[in-house]
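Taking it in order: structure first as structure tokens, then the write-up.
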Amino acid sequence: MRGSVSDRESGAAAVEFVAVLGLLVTLLFGILEVGLIMNCQLALSSFAREVARSAAVHGGDQAPTRAYAEYLANALGLDLARLQLYISPRNASYGTPVEVTVRYEYLTRTPVGVALWAGRIVLESRLVSRSERIRR
């Protein structure tokens, strides 16, 4: 004996629910991953701004700037092993442009991020500031 019409409709509703649920979960993970990437990019931009300020005050790529960069990376939760910091020039006099470039290898945290970006994204932030150091 065949099932009633309402039994067949509830079975179809269950199949539709599973299909829609899969799409919604994928979309949710995608939104979550993009939010995490944006958060990391904001942290990286803040890091570059603060390091550029330190480099401007200390006159370029100096030891106090590198020490502050390490402290700041730890405070922002950035992994030093995946962080590349370039500061140019090594010694800057007053008014000289000081350029800071930061590259960070972000490791995705969700299955959607792994599928879309192969688990890794390189984020970059660049900032140019003028040196405030007066040589005596």
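By order in the structure tokens, chains are A, B, ...; within a chain, residues start at 1; ligands start at 1, following the order shown.
For region 112-114 of chain A, the list of residues within 12 Å, based on only C-alpha atoms and with local chain neighbours fewer than 6 positions off taken out, reads Leu23, Val25, Thr26, Leu27, Leu28, Phe29, Gly30, Ile31, Leu32, Glu33, Val34, Gly35, Leu36, Ile37, Tyr106, Arg120 and Ile121 of chain A.
Proximity to region 73-78 of chain A at 8 Å, evaluated using only C-alpha atoms and with sequence-adjacent residues fewer than 5 positions away removed, yields A:Ala43, A:Phe47, A:Leu83.
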What's around region 58-70 of chain A at 9 Å? Count only C-alpha atoms, leave out sequence neighbours fewer than 2 positions away in its own chain, and write the answer as an NGL selection string. :A and (47-48 or 50-56 or 72-75 or 80 or 85-94 or 96 or 98-99 or 131-135)
Write to file, as a compact mmCIF listing (two decimals), in the first residue's frame, the residues of the selection just made, with C-alpha atoms.
```txt
# COMPACT_ATOMS: atom_id res chain seq x y z
CA PHE A 47 49.94 47.71 13.00
CA ALA A 48 51.39 49.46 9.92
CA GLU A 50 51.70 52.45 14.58
CA VAL A 51 55.01 51.11 13.24
CA ALA A 52 55.19 53.98 10.72
CA ARG A 53 54.64 56.44 13.56
CA SER A 54 57.43 54.81 15.57
CA ALA A 55 59.74 54.81 12.53
CA ALA A 56 59.01 58.50 11.95
CA LEU A 72 52.55 45.40 18.89
CA ALA A 73 52.28 42.24 16.75
CA ASN A 74 51.92 40.16 19.90
CA ALA A 75 49.35 42.58 21.34
CA LEU A 80 55.41 36.78 13.91
CA LEU A 85 57.87 43.89 7.91
CA TYR A 86 59.79 46.22 5.58
CA ILE A 87 60.83 49.70 6.77
CA SER A 88 62.65 52.06 4.45
CA PRO A 89 65.02 53.90 4.79
CA ARG A 90 67.28 52.61 7.56
CA ASN A 91 68.19 56.15 8.67
CA ALA A 92 65.87 59.05 7.96
CA SER A 93 66.43 62.70 8.72
CA TYR A 94 63.70 65.26 9.36
CA THR A 96 62.33 62.27 4.76
CA VAL A 98 59.50 56.67 5.79
CA GLU A 99 57.71 53.76 4.13
CA SER A 131 60.37 61.41 9.59
CA GLU A 132 60.30 63.69 12.62
CA ARG A 133 63.81 62.89 13.78
CA ILE A 134 66.17 65.86 13.95
CA ARG A 135 69.84 64.85 13.80
```
Run DSSP on the backbone and give me the residues of chain A it puts in helix (DSSP H, G or I), as an MDAnalysis selection string. chainID A and resid 5:58 63:76 80:82 111:117
Can you write just those residues out, C-alpha atoms, as an mmCIF file, in the first residue's frame?
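result-v7.cif was written with the following content:
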```cif
data_model
loop_
_atom_site.group_PDB
_atom_site.id
_atom_site.type_symbol
_atom_site.label_atom_id
_atom_site.label_comp_id
_atom_site.auth_asym_id
_atom_site.auth_seq_id
_atom_site.Cartn_x
_atom_site.Cartn_y
_atom_site.Cartn_z
ATOM 1 C CA VAL A 5 -0.282 12.373 0.167
ATOM 2 C CA SER A 6 0.739 14.120 3.404
ATOM 3 C CA ASP A 7 3.479 11.491 4.040
ATOM 4 C CA ARG A 8 4.951 12.121 0.576
ATOM 5 C CA GLU A 9 4.751 15.896 1.047
ATOM 6 C CA SER A 10 6.510 15.770 4.408
ATOM 7 C CA GLY A 11 9.276 13.673 2.833
ATOM 8 C CA ALA A 12 9.674 16.237 0.055
ATOM 9 C CA ALA A 13 9.721 19.031 2.636
ATOM 10 C CA ALA A 14 12.512 17.243 4.530
ATOM 11 C CA VAL A 15 14.598 16.912 1.346
ATOM 12 C CA GLU A 16 14.053 20.608 0.520
ATOM 13 C CA PHE A 17 14.973 21.578 4.084
ATOM 14 C CA VAL A 18 18.264 19.666 3.888
ATOM 15 C CA ALA A 19 19.119 21.274 0.526
ATOM 16 C CA VAL A 20 18.366 24.794 1.778
ATOM 17 C CA LEU A 21 20.132 24.154 5.091
ATOM 18 C CA GLY A 22 23.328 23.165 3.259
ATOM 19 C CA LEU A 23 23.274 26.386 1.264
ATOM 20 C CA LEU A 24 22.566 28.487 4.355
ATOM 21 C CA VAL A 25 25.372 26.893 6.357
ATOM 22 C CA THR A 26 27.799 27.452 3.465
ATOM 23 C CA LEU A 27 26.702 31.076 3.236
ATOM 24 C CA LEU A 28 27.050 31.504 6.990
ATOM 25 C CA PHE A 29 30.606 30.112 6.976
ATOM 26 C CA GLY A 30 31.460 32.384 4.035
ATOM 27 C CA ILE A 31 30.205 35.465 5.866
ATOM 28 C CA LEU A 32 32.110 34.426 8.989
ATOM 29 C CA GLU A 33 35.353 33.912 7.050
ATOM 30 C CA VAL A 34 35.089 37.270 5.272
ATOM 31 C CA GLY A 35 34.483 38.957 8.631
ATOM 32 C CA LEU A 36 37.579 37.297 10.103
ATOM 33 C CA ILE A 37 39.657 38.357 7.087
ATOM 34 C CA MET A 38 38.439 41.945 7.407
ATOM 35 C CA ASN A 39 39.263 41.917 11.128
ATOM 36 C CA CYS A 40 42.798 40.736 10.375
ATOM 37 C CA GLN A 41 43.198 43.391 7.660
ATOM 38 C CA LEU A 42 42.113 46.103 10.116
ATOM 39 C CA ALA A 43 44.625 44.826 12.680
ATOM 40 C CA LEU A 44 47.314 44.826 9.989
ATOM 41 C CA SER A 45 46.474 48.410 8.969
ATOM 42 C CA SER A 46 46.624 49.511 12.599
ATOM 43 C CA PHE A 47 49.944 47.708 12.997
ATOM 44 C CA ALA A 48 51.393 49.461 9.917
ATOM 45 C CA ARG A 49 50.178 52.874 11.121
ATOM 46 C CA GLU A 50 51.697 52.446 14.579
ATOM 47 C CA VAL A 51 55.009 51.107 13.240
ATOM 48 C CA ALA A 52 55.194 53.975 10.723
ATOM 49 C CA ARG A 53 54.645 56.444 13.562
ATOM 50 C CA SER A 54 57.431 54.811 15.566
ATOM 51 C CA ALA A 55 59.745 54.806 12.534
ATOM 52 C CA ALA A 56 59.007 58.504 11.951
ATOM 53 C CA VAL A 57 59.851 59.360 15.557
ATOM 54 C CA HIS A 58 62.990 57.203 15.731
ATOM 55 C CA ALA A 63 66.071 48.994 16.981
ATOM 56 C CA PRO A 64 63.346 50.730 19.073
ATOM 57 C CA THR A 65 60.975 50.574 16.096
ATOM 58 C CA ARG A 66 61.626 46.846 15.585
ATOM 59 C CA ALA A 67 61.127 46.153 19.301
ATOM 60 C CA TYR A 68 57.863 48.106 19.287
ATOM 61 C CA ALA A 69 56.725 46.238 16.166
ATOM 62 C CA GLU A 70 57.295 42.889 17.878
ATOM 63 C CA TYR A 71 55.420 44.049 20.980
ATOM 64 C CA LEU A 72 52.554 45.396 18.890
ATOM 65 C CA ALA A 73 52.275 42.237 16.755
ATOM 66 C CA ASN A 74 51.919 40.155 19.903
ATOM 67 C CA ALA A 75 49.351 42.576 21.339
ATOM 68 C CA LEU A 76 47.258 42.416 18.144
ATOM 69 C CA LEU A 80 55.405 36.777 13.914
ATOM 70 C CA ALA A 81 56.307 33.715 11.839
ATOM 71 C CA ARG A 82 53.806 34.767 9.138
ATOM 72 C CA PRO A 111 35.863 24.986 5.391
ATOM 73 C CA VAL A 112 34.554 27.628 2.986
ATOM 74 C CA GLY A 113 37.786 29.631 3.361
ATOM 75 C CA VAL A 114 39.848 26.533 2.684
ATOM 76 C CA ALA A 115 37.782 25.752 -0.415
ATOM 77 C CA LEU A 116 37.840 29.306 -1.820
ATOM 78 C CA TRP A 117 41.362 30.440 -0.952
#
```
In Å, how far is it from CA of Thr108 (chain A) to CA of Gln84 (chain A)? 18.2 Å
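The interatomic distance for the pair CA of Arg109 (chain A) and CA of Leu127 (chain A) works out to 27.7 Å.
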Could you pull out all residues of region 79-116 of chain A with a DSSP call of strand (DSSP E or B) and give them as a PyMOL selection string? chain A and resi 83-88+97-107
Suppose we keep N, CA and C atoms; can you now write the selection as a CSV table (one decimal), in the first residue's frame?
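Heads up, here's the output in selection.csv:
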```
chain,number,residue,atom,x,y,z
A,83,LEU,N,54.5,37.1,9.5
A,83,LEU,CA,54.5,38.5,9.3
A,83,LEU,C,55.9,38.9,8.7
A,84,GLN,N,55.8,39.7,7.6
A,84,GLN,CA,57.0,40.3,7.0
A,84,GLN,C,56.8,41.8,7.1
A,85,LEU,N,57.9,42.5,7.7
A,85,LEU,CA,57.9,43.9,7.9
A,85,LEU,C,59.1,44.5,7.2
A,86,TYR,N,58.8,45.5,6.3
A,86,TYR,CA,59.8,46.2,5.6
A,86,TYR,C,59.7,47.7,5.9
A,87,ILE,N,60.8,48.3,6.4
A,87,ILE,CA,60.8,49.7,6.8
A,87,ILE,C,62.0,50.3,6.0
A,88,SER,N,61.6,51.4,5.3
A,88,SER,CA,62.7,52.1,4.4
A,88,SER,C,62.5,53.6,4.6
A,97,PRO,N,60.6,60.9,3.7
A,97,PRO,CA,59.5,59.9,3.8
A,97,PRO,C,60.0,58.5,4.3
A,98,VAL,N,59.2,58.0,5.2
A,98,VAL,CA,59.5,56.7,5.8
A,98,VAL,C,58.4,55.8,5.3
A,99,GLU,N,58.7,54.7,4.7
A,99,GLU,CA,57.7,53.8,4.1
A,99,GLU,C,57.7,52.5,4.9
A,100,VAL,N,56.5,52.0,5.3
A,100,VAL,CA,56.4,50.8,6.0
A,100,VAL,C,55.4,49.9,5.2
A,101,THR,N,55.9,48.7,4.9
A,101,THR,CA,55.1,47.7,4.2
A,101,THR,C,55.0,46.5,5.1
A,102,VAL,N,53.8,46.0,5.3
A,102,VAL,CA,53.6,44.8,6.1
A,102,VAL,C,52.8,43.8,5.3
A,103,ARG,N,53.3,42.5,5.2
A,103,ARG,CA,52.6,41.4,4.6
A,103,ARG,C,52.4,40.4,5.7
A,104,TYR,N,51.2,39.8,5.6
A,104,TYR,CA,50.8,38.8,6.6
A,104,TYR,C,50.1,37.7,5.9
A,105,GLU,N,50.5,36.4,6.2
A,105,GLU,CA,49.9,35.3,5.6
A,105,GLU,C,48.7,34.8,6.6
A,106,TYR,N,47.5,35.1,6.2
A,106,TYR,CA,46.3,34.8,7.0
A,106,TYR,C,45.9,33.3,6.6
A,107,LEU,N,45.7,32.5,7.6
A,107,LEU,CA,45.3,31.1,7.5
A,107,LEU,C,43.8,31.1,7.7
```
